[in-house]
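Chemist: If it helps, the file is called upload.pdb and holds PDB, C-alpha atoms:
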```pdb
ATOM      1  CA  MET A   1       0.000   0.000   0.000  1.00  0.00           C
ATOM      2  CA  LEU A   2       2.850   2.370   0.808  1.00  0.00           C
ATOM      3  CA  ASP A   3       4.351   1.758  -2.618  1.00  0.00           C
ATOM      4  CA  ILE A   4       1.117   2.864  -4.304  1.00  0.00           C
ATOM      5  CA  ILE A   5       1.049   6.099  -2.277  1.00  0.00           C
ATOM      6  CA  LYS A   6       4.708   6.772  -3.107  1.00  0.00           C
ATOM      7  CA  ALA A   7       3.987   6.214  -6.794  1.00  0.00           C
ATOM      8  CA  LEU A   8       0.916   8.482  -6.870  1.00  0.00           C
ATOM      9  CA  LEU A   9       2.227  11.293  -4.645  1.00  0.00           C
ATOM     10  CA  PRO A  10       4.129  13.194  -7.398  1.00  0.00           C
ATOM     11  CA  SER A  11       1.114  13.054  -9.717  1.00  0.00           C
ATOM     12  CA  ILE A  12      -1.195  14.274  -6.962  1.00  0.00           C
ATOM     13  CA  CYS A  13       1.158  17.148  -6.101  1.00  0.00           C
ATOM     14  CA  VAL A  14       1.429  18.221  -9.748  1.00  0.00           C
ATOM     15  CA  ALA A  15      -2.349  18.045 -10.125  1.00  0.00           C
ATOM     16  CA  LEU A  16      -2.853  20.222  -7.030  1.00  0.00           C
ATOM     17  CA  LEU A  17      -0.302  22.742  -8.271  1.00  0.00           C
ATOM     18  CA  PHE A  18      -1.978  22.836 -11.687  1.00  0.00           C
ATOM     19  CA  TRP A  19      -5.408  23.348 -10.075  1.00  0.00           C
ATOM     20  CA  TYR A  20      -4.061  26.177  -7.886  1.00  0.00           C
ATOM     21  CA  VAL A  21      -2.439  28.016 -10.815  1.00  0.00           C
ATOM     22  CA  ILE A  22      -5.488  27.680 -13.076  1.00  0.00           C
ATOM     23  CA  ARG A  23      -7.822  28.809 -10.285  1.00  0.00           C
ATOM     24  CA  ASN A  24      -5.744  31.946  -9.741  1.00  0.00           C
ATOM     25  CA  ILE A  25      -5.641  32.688 -13.466  1.00  0.00           C
ATOM     26  CA  PHE A  26      -9.442  32.496 -13.672  1.00  0.00           C
ATOM     27  CA  ARG A  27      -9.852  34.668 -10.572  1.00  0.00           C
ATOM     28  CA  ALA A  28      -7.461  37.293 -11.939  1.00  0.00           C
ATOM     29  CA  ASP A  29      -9.281  37.307 -15.277  1.00  0.00           C
ATOM     30  CA  ARG A  30     -12.666  37.676 -13.583  1.00  0.00           C
ATOM     31  CA  ASN A  31     -11.413  40.553 -11.416  1.00  0.00           C
ATOM     32  CA  GLU A  32      -9.848  42.283 -14.412  1.00  0.00           C
ATOM     33  CA  ARG A  33     -13.066  41.997 -16.427  1.00  0.00           C
ATOM     34  CA  GLU A  34     -15.039  43.481 -13.518  1.00  0.00           C
ATOM     35  CA  GLN A  35     -12.619  46.402 -13.262  1.00  0.00           C
ATOM     36  CA  VAL A  36     -12.726  47.034 -17.021  1.00  0.00           C
ATOM     37  CA  ASP A  37     -16.538  46.969 -17.012  1.00  0.00           C
ATOM     38  CA  LYS A  38     -16.587  49.347 -14.046  1.00  0.00           C
ATOM     39  CA  TYR A  39     -14.136  51.687 -15.787  1.00  0.00           C
ATOM     40  CA  TYR A  40     -16.156  51.818 -19.019  1.00  0.00           C
ATOM     41  CA  SER A  41     -19.443  52.264 -17.188  1.00  0.00           C
ATOM     42  CA  GLU A  42     -17.947  55.233 -15.301  1.00  0.00           C
ATOM     43  CA  ILE A  43     -16.773  56.750 -18.579  1.00  0.00           C
ATOM     44  CA  ASP A  44     -20.238  56.292 -20.118  1.00  0.00           C
ATOM     45  CA  VAL A  45     -21.890  57.910 -17.095  1.00  0.00           C
ATOM     46  CA  SER A  46     -19.515  60.876 -17.120  1.00  0.00           C
ATOM     47  CA  GLU A  47     -20.061  61.429 -20.864  1.00  0.00           C
ATOM     48  CA  VAL A  48     -23.832  61.513 -20.422  1.00  0.00           C
ATOM     49  CA  GLU A  49     -23.636  63.785 -17.358  1.00  0.00           C
ATOM     50  CA  ASN A  50     -21.284  66.211 -19.115  1.00  0.00           C
ATOM     51  CA  ASN A  51     -23.486  66.467 -22.209  1.00  0.00           C
ATOM     52  CA  PRO A  52     -26.377  68.883 -21.522  1.00  0.00           C
ATOM     53  CA  GLU A  53     -27.983  68.101 -24.894  1.00  0.00           C
ATOM     54  CA  SER A  54     -28.408  64.424 -24.023  1.00  0.00           C
ATOM     55  CA  ASP A  55     -31.945  63.074 -23.664  1.00  0.00           C
ATOM     56  CA  VAL A  56     -30.701  60.027 -21.777  1.00  0.00           C
ATOM     57  CA  LYS A  57     -31.859  59.678 -18.187  1.00  0.00           C
ATOM     58  CA  MET A  58     -29.527  57.830 -15.866  1.00  0.00           C
ATOM     59  CA  THR A  59     -31.164  55.111 -13.797  1.00  0.00           C
ATOM     60  CA  SER A  60     -29.466  52.519 -11.693  1.00  0.00           C
ATOM     61  CA  THR A  61     -30.235  48.978 -12.691  1.00  0.00           C
ATOM     62  CA  LYS A  62     -29.238  45.698 -11.208  1.00  0.00           C
ATOM     63  CA  SER A  63     -27.995  43.091 -13.660  1.00  0.00           C
ATOM     64  CA  SER A  64     -29.875  39.833 -13.689  1.00  0.00           C
ATOM     65  CA  ASP A  65     -28.343  36.451 -13.039  1.00  0.00           C
ATOM     66  CA  TYR A  66     -28.747  35.667 -16.740  1.00  0.00           C
ATOM     67  CA  GLU A  67     -26.647  38.668 -17.748  1.00  0.00           C
ATOM     68  CA  LYS A  68     -23.973  37.714 -15.237  1.00  0.00           C
ATOM     69  CA  SER A  69     -23.842  34.178 -16.591  1.00  0.00           C
ATOM     70  CA  GLU A  70     -23.318  35.469 -20.136  1.00  0.00           C
ATOM     71  CA  HIS A  71     -20.405  37.690 -19.094  1.00  0.00           C
ATOM     72  CA  GLY A  72     -17.231  37.070 -20.969  1.00  0.00           C
ATOM     73  CA  LYS A  73     -18.621  34.808 -23.672  1.00  0.00           C
ATOM     74  CA  GLY A  74     -18.002  37.345 -26.411  1.00  0.00           C
ATOM     75  CA  ASN A  75     -21.596  37.398 -27.689  1.00  0.00           C
ATOM     76  CA  ALA A  76     -21.990  41.152 -27.735  1.00  0.00           C
ATOM     77  CA  PRO A  77     -19.314  43.442 -29.150  1.00  0.00           C
ATOM     78  CA  ARG A  78     -18.406  46.371 -26.952  1.00  0.00           C
ATOM     79  CA  SER A  79     -17.706  49.699 -28.578  1.00  0.00           C
ATOM     80  CA  HIS A  80     -14.718  51.493 -27.133  1.00  0.00           C
ATOM     81  CA  ARG A  81     -14.611  55.158 -27.908  1.00  0.00           C
TER      82      ARG A  81
END
```
Show me, as structure tokens, the structure contained in the file I just sent.
Modeler:
Amino acid sequence: MLDIIKALLPSICVALLFWYVIRNIFRADRNEREQVDKYYSEIDVSEVENNPESDVKMTSTKSSDYEKSEHGKGNAPRSHR
């Protein structure tokens, strides 16, 4: 039994290291996407507030769970000005 554990231990350690690295990559990507979305939403808000000729009314909305689940899939192009 000890021989089996000795044989599998390196593979288990590599798998745990791989899982840890991939998890941190996904977390960093998620946080970066949130910050980018926040940045662009602030820019959009400031452009509308600074434009007195705009007919757009600013209202706060809460995104639905469906919209959150679609985040990052690349379905909708975002226009960067």
Chemist: In Å, how far is it from CA of Leu9 (chain A) to CA of Arg23 (chain A)?
Modeler: 21.0 Å
Chemist: Which value, in Å to one decimal, gives the distance between CA of Ile22 (chain A) and CA of Asp3 (chain A)?
Modeler: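 Distance between the two atoms: 29.6 Å.
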Chemist: Rounded to one decimal place, report the CA of Ser41 (chain A)-CA of Asn24 (chain A) distance in Å.
Modeler: 25.6 Å
